[in-house]
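Participant: Below you'll find final08.cif; it's mmCIF, C-alpha atoms and all ligand atoms.
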data_target
#
loop_
_atom_site.label_atom_id
_atom_site.label_comp_id
_atom_site.auth_asym_id
_atom_site.auth_seq_id
_atom_site.Cartn_x
_atom_site.Cartn_y
_atom_site.Cartn_z
CA MET A 21 10.97 21.68 -20.81
CA PRO A 22 10.24 18.90 -18.32
CA GLN A 23 9.64 20.14 -14.84
CA ARG A 24 12.51 19.38 -12.46
CA PRO A 25 10.82 18.66 -9.16
CA SER A 26 12.60 18.96 -5.89
CA TYR A 27 12.92 16.22 -3.33
CA TYR A 28 13.47 17.04 0.23
CA LEU A 29 15.08 15.25 3.09
CA LEU A 30 13.98 16.51 6.48
CA ASP A 31 16.35 15.93 9.34
CA SER A 32 15.66 16.49 13.02
CA SER A 33 16.57 20.17 12.86
CA ASN A 34 14.15 20.55 9.96
CA HIS A 35 17.02 21.19 7.62
CA ILE A 36 15.89 20.67 4.05
CA SER A 37 18.28 19.28 1.47
CA LEU A 38 17.22 19.80 -2.12
CA PHE A 39 17.71 17.30 -4.90
CA THR A 40 16.52 17.26 -8.46
CA MET A 41 15.53 14.49 -10.84
CA THR A 42 14.68 14.52 -14.52
CA ALA A 43 11.35 12.70 -14.26
CA VAL A 44 8.26 14.45 -12.98
CA SER A 45 7.61 12.44 -9.86
CA ALA A 46 5.99 12.67 -6.46
CA ASP A 47 7.49 15.10 -3.97
CA ILE A 48 7.34 12.80 -0.98
CA PRO A 49 9.27 13.69 2.19
CA LEU A 50 12.00 11.35 3.42
CA ILE A 51 12.17 11.16 7.22
CA ASP A 52 14.63 9.54 9.60
CA ILE A 53 12.27 8.49 12.38
CA ASN A 54 15.17 7.54 14.65
CA ALA A 55 16.47 11.11 14.88
CA SER A 56 17.02 12.15 18.50
CA ASP A 57 14.43 14.92 18.51
CA GLN A 58 11.25 12.80 18.44
CA ALA A 59 8.93 15.82 18.80
CA THR A 60 10.27 17.14 15.50
CA VAL A 61 9.92 13.71 13.87
CA ALA A 62 6.28 13.61 15.06
CA ARG A 63 5.61 17.03 13.56
CA GLN A 64 7.26 16.06 10.25
CA LEU A 65 5.17 12.88 10.04
CA VAL A 66 1.94 14.81 10.62
CA GLU A 67 2.97 17.32 7.95
CA GLY A 68 3.70 14.49 5.48
CA ALA A 69 0.37 12.83 6.30
CA GLU A 70 -1.48 16.09 5.66
CA LYS A 71 0.29 17.19 2.50
CA HIS A 72 0.97 13.92 0.71
CA GLY A 73 -0.46 10.93 2.56
CA PHE A 74 2.82 9.22 1.58
CA ILE A 75 6.12 9.37 3.47
CA TYR A 76 9.45 7.64 2.93
CA ILE A 77 10.96 6.21 6.11
CA ARG A 78 14.70 5.98 5.72
CA ASN A 79 15.67 2.39 6.42
CA LEU A 80 19.08 1.95 7.95
CA GLY A 81 17.99 -1.40 9.39
CA LYS A 82 17.07 -0.05 12.86
CA ASP A 83 13.33 -0.66 12.66
CA ILE A 84 13.18 -3.64 10.36
CA PRO A 85 16.43 -5.54 9.80
CA VAL A 86 17.35 -5.63 6.11
CA GLY A 87 17.87 -9.42 6.34
CA GLN A 88 14.22 -9.86 7.33
CA ILE A 89 13.04 -7.86 4.32
CA ASN A 90 15.26 -9.78 1.90
CA ARG A 91 14.19 -13.08 3.42
CA THR A 92 10.51 -12.19 2.98
CA PHE A 93 11.11 -11.37 -0.70
CA GLU A 94 12.77 -14.80 -1.05
CA ILE A 95 9.74 -16.50 0.53
CA SER A 96 7.50 -14.55 -1.83
CA ALA A 97 9.36 -15.79 -4.93
CA LYS A 98 9.12 -19.35 -3.61
CA LEU A 99 5.42 -19.05 -2.85
CA PHE A 100 4.40 -17.59 -6.20
CA GLY A 101 6.59 -20.16 -7.97
CA ALA A 102 4.46 -22.97 -6.47
CA SER A 103 1.85 -24.69 -8.67
CA ILE A 104 -1.57 -23.12 -9.20
CA GLU A 105 -3.10 -26.27 -7.65
CA GLU A 106 -1.11 -25.77 -4.45
CA LYS A 107 -1.96 -22.07 -4.22
CA THR A 108 -5.64 -22.74 -4.99
CA THR A 109 -5.92 -24.86 -1.86
CA CYS A 110 -5.36 -21.59 0.05
CA THR A 111 -7.76 -19.40 -1.96
CA ILE A 112 -8.68 -16.12 -0.29
CA GLN A 113 -11.64 -16.32 2.10
CA ALA A 114 -14.14 -13.86 3.52
CA ASN A 115 -11.67 -13.21 6.35
CA ASN A 116 -9.36 -11.61 3.72
CA ARG A 117 -6.66 -14.27 4.20
CA GLY A 118 -5.17 -16.46 1.50
CA TRP A 119 -4.21 -16.45 -2.17
CA SER A 120 -5.81 -14.35 -4.91
CA GLY A 121 -4.84 -15.23 -8.49
CA MET A 122 -4.55 -13.04 -11.57
CA HIS A 123 -7.53 -10.74 -12.13
CA SER A 124 -9.39 -11.91 -9.04
CA GLU A 125 -9.08 -8.54 -7.36
CA THR A 126 -10.24 -5.31 -8.98
CA LEU A 127 -8.99 -2.38 -6.96
CA ASP A 128 -10.70 0.22 -9.14
CA PRO A 129 -14.06 -1.37 -10.00
CA SER A 130 -15.53 1.79 -11.53
CA ASN A 131 -12.78 2.00 -14.17
CA GLN A 132 -11.61 -1.58 -14.62
CA LYS A 133 -13.67 -4.47 -16.01
CA VAL A 134 -15.29 -2.01 -18.41
CA CYS A 135 -16.06 -3.89 -21.59
CA LYS A 136 -16.60 -2.04 -24.82
CA THR A 137 -16.85 -2.90 -28.50
CA ASN A 138 -14.28 -1.60 -30.89
CA THR A 139 -15.06 -1.51 -34.60
CA THR A 140 -12.20 -1.99 -36.97
CA ARG A 141 -12.16 -0.78 -40.60
CA ASN A 142 -13.82 -3.99 -41.60
CA TYR A 143 -17.18 -3.52 -39.93
CA LEU A 144 -17.80 -7.23 -40.02
CA MET A 145 -15.00 -7.72 -37.55
CA LEU A 146 -15.94 -6.45 -34.14
CA THR A 147 -13.27 -6.82 -31.53
CA TYR A 148 -14.35 -6.91 -27.97
CA ILE A 149 -12.01 -5.07 -25.66
CA CYS A 150 -12.36 -5.80 -22.02
CA GLN A 151 -10.28 -4.25 -19.29
CA ARG A 152 -9.69 -6.90 -16.71
CA GLY A 153 -9.05 -6.93 -12.99
CA ASP A 154 -5.58 -6.43 -11.57
CA PHE A 155 -2.62 -8.11 -13.31
CA LYS A 156 -1.18 -9.52 -10.13
CA GLU A 157 -1.35 -12.36 -7.68
CA ALA A 158 -1.22 -11.88 -3.95
CA PHE A 159 -1.11 -13.82 -0.73
CA ASN A 160 -2.58 -12.34 2.46
CA PHE A 161 -1.39 -13.47 5.88
CA GLY A 162 -3.65 -12.58 8.77
CA GLU A 163 -2.81 -12.88 12.40
CA PHE A 164 -0.32 -15.35 13.83
CA ILE A 165 -1.41 -16.85 17.15
CA ASN A 166 1.40 -18.11 19.38
CA GLY A 167 3.73 -17.73 16.38
CA LYS A 168 1.55 -19.88 14.10
CA ALA A 169 -0.43 -18.65 11.07
CA ASP A 170 -4.18 -18.74 11.75
CA GLN A 171 -4.93 -19.98 8.20
CA PRO A 172 -3.79 -22.73 5.81
CA LEU A 173 -0.29 -22.22 4.35
CA PRO A 174 0.85 -23.76 1.05
CA PRO A 175 3.27 -26.65 1.86
CA THR A 176 6.03 -24.89 -0.15
CA ILE A 177 6.31 -22.15 2.50
CA GLN A 178 5.41 -24.10 5.63
CA PRO A 179 9.12 -24.25 6.65
CA ASP A 180 9.18 -20.43 6.46
CA GLU A 181 6.40 -19.83 8.99
CA ASP A 182 8.81 -18.64 11.72
CA ASP A 183 10.47 -16.11 9.40
CA LEU A 184 7.09 -14.80 8.25
CA TYR A 185 6.01 -14.42 11.87
CA THR A 186 9.21 -12.56 12.78
CA PHE A 187 8.81 -10.16 9.87
CA ARG A 188 5.14 -9.59 10.66
CA GLU A 189 6.01 -8.74 14.26
CA SER A 190 8.64 -6.22 13.10
CA CYS A 191 6.10 -4.58 10.79
CA GLN A 192 3.53 -4.42 13.58
CA ALA A 193 6.06 -2.82 15.95
CA LEU A 194 7.02 -0.22 13.35
CA CYS A 195 3.35 0.64 12.74
CA MET A 196 2.79 1.06 16.48
CA LYS A 197 5.79 3.39 16.65
CA LEU A 198 4.49 5.45 13.70
CA LEU A 199 0.96 5.56 15.14
CA GLY A 200 2.43 6.75 18.45
CA LEU A 201 4.38 9.50 16.68
CA LEU A 202 1.34 10.59 14.63
CA GLY A 203 -0.68 10.75 17.87
CA GLN A 204 2.08 12.79 19.50
CA GLY A 205 2.13 15.15 16.49
CA LEU A 206 -1.63 15.70 16.80
CA GLN A 207 -1.34 16.05 20.59
CA ILE A 208 -3.64 13.13 21.28
CA GLY A 209 -1.00 10.93 22.89
CA GLU A 210 -1.49 7.19 22.43
CA PHE A 211 -5.00 7.49 20.93
CA PHE A 212 -4.15 5.74 17.64
CA SER A 213 -1.76 3.14 19.01
CA LYS A 214 -4.18 2.13 21.81
CA ALA A 215 -6.95 1.54 19.25
CA HIS A 216 -4.65 -1.00 17.57
CA VAL A 217 -4.27 -3.23 20.59
CA THR A 218 -6.41 -6.28 19.84
CA THR A 219 -7.19 -9.54 21.57
CA PRO A 220 -5.83 -12.73 19.93
CA GLY A 221 -7.95 -13.51 16.87
CA GLY A 222 -9.33 -9.96 16.74
CA SER A 223 -7.02 -8.22 14.27
CA ALA A 224 -7.78 -7.46 10.61
CA THR A 225 -4.13 -6.51 9.98
CA ILE A 226 -2.71 -8.16 6.85
CA LEU A 227 0.80 -8.92 5.63
CA ARG A 228 0.50 -9.19 1.86
CA LEU A 229 3.01 -10.57 -0.64
CA LEU A 230 2.47 -9.38 -4.21
CA ARG A 231 3.76 -10.54 -7.56
CA TYR A 232 3.03 -8.74 -10.83
CA PRO A 233 3.96 -10.94 -13.80
CA ALA A 234 6.35 -9.66 -16.47
CA PRO A 235 4.44 -7.40 -18.89
CA ASP A 236 5.57 -9.45 -21.91
CA SER A 237 4.14 -12.62 -20.36
CA THR A 238 0.59 -11.22 -20.38
CA SER A 239 -1.64 -9.89 -23.14
CA HIS A 240 -2.64 -6.49 -21.88
CA SER A 241 -3.96 -3.39 -23.55
CA THR A 242 -2.91 0.19 -22.88
CA ASP A 243 -6.00 0.57 -20.65
CA ASP A 244 -4.93 -2.23 -18.33
CA VAL A 245 -3.15 -1.64 -15.06
CA ARG A 246 -1.19 -3.93 -12.78
CA ALA A 247 -3.18 -2.66 -9.75
CA GLY A 248 -6.14 -0.32 -10.19
CA ALA A 249 -6.34 3.13 -8.61
CA HIS A 250 -7.32 2.81 -4.96
CA SER A 251 -6.71 4.09 -1.47
CA ASP A 252 -5.79 1.62 1.26
CA TYR A 253 -8.47 0.31 3.62
CA GLY A 254 -6.59 0.28 6.91
CA SER A 255 -5.02 2.95 9.09
CA ILE A 256 -1.44 2.89 7.87
CA THR A 257 0.38 0.83 5.23
CA LEU A 258 4.06 -0.10 5.03
CA LEU A 259 5.26 -0.83 1.50
CA PHE A 260 8.51 -2.59 0.64
CA ARG A 261 9.75 -2.55 -2.95
CA LEU A 262 12.80 -3.76 -4.82
CA LYS A 263 15.46 -1.48 -6.21
CA GLY A 264 14.99 -0.79 -9.92
CA GLN A 265 11.36 -1.99 -10.18
CA ALA A 266 9.14 0.81 -11.48
CA GLY A 267 5.35 0.96 -11.48
CA LEU A 268 3.91 2.68 -8.42
CA GLU A 269 2.21 6.02 -9.03
CA ILE A 270 0.30 8.40 -6.78
CA GLN A 271 -2.44 10.78 -7.73
CA LYS A 272 -1.37 14.32 -6.96
CA GLN A 273 -3.72 17.07 -5.79
CA ASP A 274 -3.98 18.36 -9.37
CA ASN A 275 -5.21 14.85 -10.37
CA THR A 276 -2.09 14.02 -12.41
CA TRP A 277 -0.23 10.77 -11.83
CA ALA A 278 3.35 10.85 -10.57
CA PRO A 279 5.76 7.91 -10.34
CA VAL A 280 7.10 7.12 -6.86
CA PRO A 281 10.81 6.21 -7.11
CA VAL A 282 11.93 3.21 -5.07
CA ASN A 283 15.13 4.99 -4.10
CA PRO A 284 14.67 8.74 -3.81
CA PRO A 285 17.89 10.78 -3.89
CA GLY A 286 19.89 10.46 -0.71
CA THR A 287 19.04 6.78 -0.20
CA GLU A 288 21.03 5.16 -3.02
CA ASN A 289 23.71 3.88 -0.67
CA ASP A 290 21.41 2.82 2.15
CA PRO A 291 21.38 -0.92 2.90
CA SER A 292 17.76 -1.10 1.76
CA PRO A 293 15.35 1.23 -0.06
CA PRO A 294 13.27 3.37 2.29
CA ILE A 295 10.02 1.90 3.60
CA LEU A 296 7.19 3.79 1.96
CA ILE A 297 4.34 4.45 4.33
CA ASN A 298 0.93 5.71 3.37
CA ILE A 299 -2.11 6.89 5.19
CA GLY A 300 -5.15 4.62 4.76
CA ASP A 301 -8.85 5.47 4.83
CA LEU A 302 -9.23 4.97 8.57
CA LEU A 303 -6.74 7.67 9.57
CA SER A 304 -8.43 9.94 7.08
CA TYR A 305 -11.86 9.32 8.66
CA TRP A 306 -10.39 9.74 12.14
CA THR A 307 -8.96 13.13 11.22
CA ASN A 308 -11.96 14.39 9.19
CA GLY A 309 -9.84 14.30 6.04
CA LEU A 310 -6.89 16.23 7.49
CA PHE A 311 -4.67 13.22 6.79
CA ARG A 312 -4.79 12.29 3.12
CA SER A 313 -5.66 8.73 2.12
CA THR A 314 -3.96 9.23 -1.21
CA VAL A 315 -5.06 7.29 -4.28
CA HIS A 316 -2.33 5.21 -5.93
CA ARG A 317 -1.96 2.45 -8.54
CA VAL A 318 0.61 0.22 -10.21
CA VAL A 319 1.00 0.67 -13.97
CA PHE A 320 2.67 -1.20 -16.81
CA ALA A 321 4.18 2.10 -17.97
CA ASN A 322 3.66 5.74 -17.16
CA GLU A 323 1.04 7.28 -19.50
CA ALA A 324 3.19 10.33 -20.20
CA GLY A 325 6.27 8.19 -20.87
CA GLN A 326 8.00 9.37 -17.70
CA THR A 327 10.70 7.11 -16.34
CA ILE A 328 12.82 7.19 -13.21
CA ALA A 329 16.56 6.83 -13.80
CA GLY A 330 17.68 3.31 -12.86
CA GLU A 331 14.14 1.86 -12.86
CA VAL A 332 12.51 -0.39 -15.46
CA ASN A 333 9.00 -1.74 -16.14
CA THR A 334 10.22 -5.02 -17.60
CA GLY A 335 10.27 -8.36 -15.79
CA PRO A 336 8.12 -9.51 -12.90
CA ARG A 337 7.64 -7.05 -10.06
CA TYR A 338 7.46 -8.01 -6.40
CA SER A 339 6.30 -5.92 -3.47
CA ILE A 340 5.30 -6.50 0.14
CA ALA A 341 2.58 -4.52 1.88
CA PHE A 342 1.65 -4.47 5.55
CA PHE A 343 -1.86 -3.11 6.09
CA CYS A 344 -2.31 -2.13 9.71
CA HIS A 345 -5.86 -2.11 11.13
CA PRO A 346 -7.28 -1.11 14.51
CA ALA A 347 -9.71 -3.29 16.47
CA GLY A 348 -12.80 -3.94 14.30
CA SER A 349 -15.20 -2.27 16.72
CA THR A 350 -13.31 1.06 16.68
CA GLN A 351 -15.65 3.97 15.92
CA LEU A 352 -14.16 6.16 13.24
CA GLU A 353 -15.22 9.50 14.65
CA ALA A 354 -12.96 12.54 14.69
CA VAL A 355 -10.16 12.34 17.25
CA PRO A 356 -10.04 14.98 20.02
CA SER A 357 -7.31 17.06 18.39
CA GLU A 358 -7.42 20.82 18.08
CA ARG A 359 -5.65 20.60 14.75
CA VAL A 360 -8.35 18.27 13.43
CA ALA A 361 -11.15 20.46 14.86
CA ASN A 362 -9.65 23.53 13.19
CA PHE A 363 -9.23 21.81 9.84
CA ALA A 364 -11.52 23.22 7.20
CA PRO A 365 -11.78 20.87 4.22
CA THR A 366 -11.51 22.63 0.87
CA GLY A 367 -14.65 20.88 -0.33
CA VAL A 368 -12.69 19.04 -3.02
CA VAL A 369 -12.94 15.41 -2.04
CA ASP A 370 -10.66 13.49 -4.36
CA ASN A 371 -11.04 10.25 -2.45
CA PRO A 372 -14.67 9.24 -1.88
CA HIS A 373 -13.60 6.84 0.88
CA ALA A 374 -12.03 9.65 2.89
CA VAL A 375 -15.19 11.68 3.53
CA LYS A 376 -16.59 12.30 6.97
CA SER A 377 -18.77 9.48 8.20
CA VAL A 378 -18.95 7.47 11.38
CA MET A 379 -18.79 3.72 11.07
CA THR A 380 -16.65 1.06 12.65
CA ALA A 381 -13.32 -0.09 11.25
CA ASP A 382 -14.85 -3.49 10.51
CA GLU A 383 -17.89 -2.09 8.65
CA HIS A 384 -15.52 -0.07 6.48
CA LEU A 385 -13.31 -3.08 5.70
CA GLN A 386 -16.27 -5.25 4.67
CA MET A 387 -17.54 -2.50 2.37
CA ARG A 388 -14.17 -2.19 0.62
CA LEU A 389 -13.59 -5.94 0.28
CA ARG A 390 -17.03 -6.44 -1.31
CA ALA A 391 -16.21 -3.73 -3.88
CA SER A 392 -12.82 -5.26 -4.79
CA TYR A 393 -13.60 -8.96 -4.90
CA GLY A 394 -17.38 -9.33 -5.07
CA ILE A 395 -18.40 -12.07 -2.67
CA LEU A 396 -15.60 -14.10 -1.09
CA PRO A 397 -16.15 -17.63 0.20
CA ASP A 398 -16.53 -17.99 3.92
CA ASP A 399 -14.35 -20.92 4.96
CA LYS A 400 -16.25 -21.33 8.22
CA LYS A 401 -19.42 -22.13 6.27
CA LYS A 402 -17.72 -24.68 4.00
O1 LIG B 1 2.82 -3.01 -5.29
C1 LIG B 1 2.80 -1.83 -4.97
O2 LIG B 1 3.78 -1.08 -5.14
C2 LIG B 1 1.56 -1.21 -4.35
C3 LIG B 1 0.55 -2.19 -3.87
C4 LIG B 1 -0.65 -1.55 -3.27
O3 LIG B 1 -0.84 -0.37 -3.36
C5 LIG B 1 -1.61 -2.36 -2.50
O4 LIG B 1 -1.55 -3.60 -2.54
O5 LIG B 1 -2.47 -1.76 -1.81
FE FE B 2 -2.38 0.27 -1.94
#
Please re-express this file's structure in structure tokens.
Ligand SMILES: O=C(O)CCC(=O)C(=O)O
Ligand SMILES: [Fe+2]

Facilitator:
Amino acid sequence: MPQRPSYYLLDSSNHISLFTMTAVSADIPLIDINASDQATVARQLVEGAEKHGFIYIRNLGKDIPVGQINRTFEISAKLFGASIEEKTTCTIQANNRGWSGMHSETLDPSNQKVCKTNTTRNYLMLTYICQRGDFKEAFNFGEFINGKADQPLPPTIQPDEDDLYTFRESCQALCMKLLGLLGQGLQIGEFFSKAHVTTPGGSATILRLLRYPAPDSTSHSTDDVRAGAHSDYGSITLLFRLKGQAGLEIQKQDNTWAPVPVNPPGTENDPSPPILINIGDLLSYWTNGLFRSTVHRVVFANEAGQTIAGEVNTGPRYSIAFFCHPAGSTQLEAVPSERVANFAPTGVVDNPHAVKSVMTADEHLQMRLRASYGILPDDKKK
């Protein structure tokens, strides 16, 4: 009998509504962050960050207007539809900004790119199977200064610069609000949000458009993934997905993989799917592992054949991620919270990047980028 997991929707009075679904999927809380009792919202966010590292933010258009999200998906389709030559002129640089083509990023270097020989019945025929990097292309936008992108933009999307800027600002404001609430929940006030105030030119925050080509347009093996297993490098990530497009999975505490539905029950009639937020490595460092920087990936199909009703793996898949980072010089030592001080890790560290260690936000980012891309060109040295 398949397990029938429960979903829960927490409202401001902590009322829990139960839902069931047929697929075994992630039990991620769904929170309305605009509920009037903000202290309760803060507590619910902290609880979600501790238990799951992933939280659905119900999107009724108050934080990020639905039109802005739809517009950004339109820009994304336009951008990825441009010629390879045009996109190549904006190839990703050491500052983590620009275009990365198919297989140029490997989010799980210890398990991807593993080449092995496979003997067939005819021993003279050796086939060489090689898992490749991620089956996706992406475009990273760094900071905008005075409303203008601080990097080359492909001509195809130059007319869309204002809309990209507007969307980026909305994402930044939502992250600041969430960081404020997480600080409130840990009783450390504005600690997190203040660390994210940067001088112009000093932010590592990235708005990333992603396109995963249709599975039947690529030759992939069952070992290949669209995005390898990884945790995110920043403090908090906002993820926008399109209704009906399957693929995202999170690693649960028992190490099994669970699909993350785009529209959990209770959101089907909302004007836009909920914004999925996840805790990145930096919040995990800052809280000595109390907040979970949960490992996730994007697959061609669930290994156990699980599907979410109304979602398919066919066709291209688009998503938008906003990776929020604090100032690069921020020391990632434990925050002065009693809850953090009282937290006793179980000793089971399922995410090697979430262990206790003091480094700066920038040192951590450089370490992760080197592991995913190898060496990136430095456009300043060109
Ligand atoms: O495309 C997705 O759903 C997830 C992307 C992701 O996890 C990432 O880019 O870090
Ligand atoms: Fe991610």

Participant: A:Gly330, A:Pro172, A:Gly81, A:Gly73: which is nearest ligand FE 2 (chain B), counting all atoms listed in the file?

Facilitator: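 Between A:Gly330, A:Pro172, A:Gly81, A:Gly73, the residue approaching ligand FE 2 (chain B) most closely is A:Gly73.
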
Participant: Counting all atoms listed in the file, which protein, DNA or RNA residues come within 9 Å of ligand FE 2 (chain B), given as a VMD selection string?

Facilitator: chain A and resid 127 247 249 to 253 257 259 298 300 315 to 318 341 343

Participant: For ligand LIG 1 (chain B), which residue out of A:Leu202, A:Ala193, A:Ala381, A:Ala158 is the nearest one, using only C-alpha atoms and all ligand atoms?

Facilitator: A:Ala158

Participant: If you measure from CA of Ala364 in chain A to CA of Ser213 in chain A, what distance in Å do you get, rounded to one decimal?

Facilitator: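 So the answer is 25.3 Å.
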
Participant: Work out how far apart CA of Val245 in chain A and CA of Arg231 in chain A are and give it in Å to one decimal.

Facilitator: 13.5 Å

Participant: Using only C-alpha atoms, give me every residue within 10 Å of (10.5, 2.7, 6.4) in file coordinates, as a PyMOL selection string.

Facilitator: chain A and resi 50-53+75-84+191+194-195+198+258-260+292-297

Participant: For ligand LIG 1 (chain B), which of A:Gln192, A:Asn322, A:Asn160, A:Gln64 is the closest residue, counting only C-alpha atoms and all ligand atoms?

Facilitator: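 Among the listed residues, the smallest separation from ligand LIG 1 (chain B) belongs to A:Asn160.
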
Participant: Could you please determine the separation between CA of Tyr305 in chain A and CA of Glu353 in chain A in Å, to one decimal place?

Facilitator: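 Computed distance, CA of Tyr305 in chain A to CA of Glu353 in chain A, equals 6.9 Å.
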
Participant: Which residue out of A:Trp306, A:Phe311, A:Tyr232, A:Trp119 has the minimum interatomic distance to ligand LIG 1 (chain B) when all atoms listed in the file are used?

Facilitator: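 Closest to ligand LIG 1 (chain B), using all atoms listed in the file: A:Tyr232.
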
Participant: With the input short on atoms, add N, CA, C and O atoms back to range 342-355 of chain A and write it as a short mmCIF file (atom, residue, chain, number, x, y, z; two decimals), in the coordinates of the input.

Facilitator:
data_model
loop_
_atom_site.label_atom_id
_atom_site.label_comp_id
_atom_site.auth_asym_id
_atom_site.auth_seq_id
_atom_site.Cartn_x
_atom_site.Cartn_y
_atom_site.Cartn_z
N PHE A 342 2.16 -4.13 4.21
CA PHE A 342 1.65 -4.47 5.55
C PHE A 342 0.54 -3.47 5.84
O PHE A 342 0.79 -2.27 5.98
N PHE A 343 -0.70 -3.98 5.88
CA PHE A 343 -1.86 -3.11 6.09
C PHE A 343 -2.27 -3.20 7.55
O PHE A 343 -2.80 -4.22 7.99
N CYS A 344 -2.04 -2.13 8.27
CA CYS A 344 -2.31 -2.13 9.71
C CYS A 344 -3.75 -1.67 9.97
O CYS A 344 -4.21 -0.69 9.37
N HIS A 345 -4.45 -2.42 10.81
CA HIS A 345 -5.86 -2.11 11.13
C HIS A 345 -6.04 -2.02 12.63
O HIS A 345 -5.45 -2.80 13.37
N PRO A 346 -6.95 -1.14 13.08
CA PRO A 346 -7.28 -1.11 14.51
C PRO A 346 -8.27 -2.23 14.84
O PRO A 346 -8.70 -2.96 13.94
N ALA A 347 -8.68 -2.32 16.08
CA ALA A 347 -9.71 -3.29 16.47
C ALA A 347 -10.97 -3.01 15.64
O ALA A 347 -11.31 -1.84 15.38
N GLY A 348 -11.66 -4.08 15.21
CA GLY A 348 -12.80 -3.94 14.30
C GLY A 348 -13.92 -3.07 14.82
O GLY A 348 -14.64 -2.44 14.06
N SER A 349 -14.08 -3.02 16.15
CA SER A 349 -15.20 -2.27 16.72
C SER A 349 -14.89 -0.77 16.88
O SER A 349 -15.75 0.00 17.31
N THR A 350 -13.69 -0.35 16.50
CA THR A 350 -13.31 1.06 16.68
C THR A 350 -14.24 1.98 15.89
O THR A 350 -14.43 1.81 14.69
N GLN A 351 -14.79 2.98 16.58
CA GLN A 351 -15.65 3.97 15.92
C GLN A 351 -14.77 5.01 15.25
O GLN A 351 -13.89 5.58 15.89
N LEU A 352 -15.04 5.25 13.98
CA LEU A 352 -14.16 6.16 13.24
C LEU A 352 -14.63 7.60 13.32
O LEU A 352 -14.84 8.27 12.30
N GLU A 353 -14.81 8.09 14.54
CA GLU A 353 -15.22 9.50 14.65
C GLU A 353 -13.99 10.35 14.90
O GLU A 353 -12.94 9.84 15.31
N ALA A 354 -14.12 11.65 14.64
CA ALA A 354 -12.96 12.54 14.69
C ALA A 354 -12.25 12.47 16.05
O ALA A 354 -12.91 12.47 17.09
N VAL A 355 -10.94 12.42 16.01
CA VAL A 355 -10.16 12.34 17.25
C VAL A 355 -10.15 13.70 17.95
O VAL A 355 -10.32 14.74 17.31
#
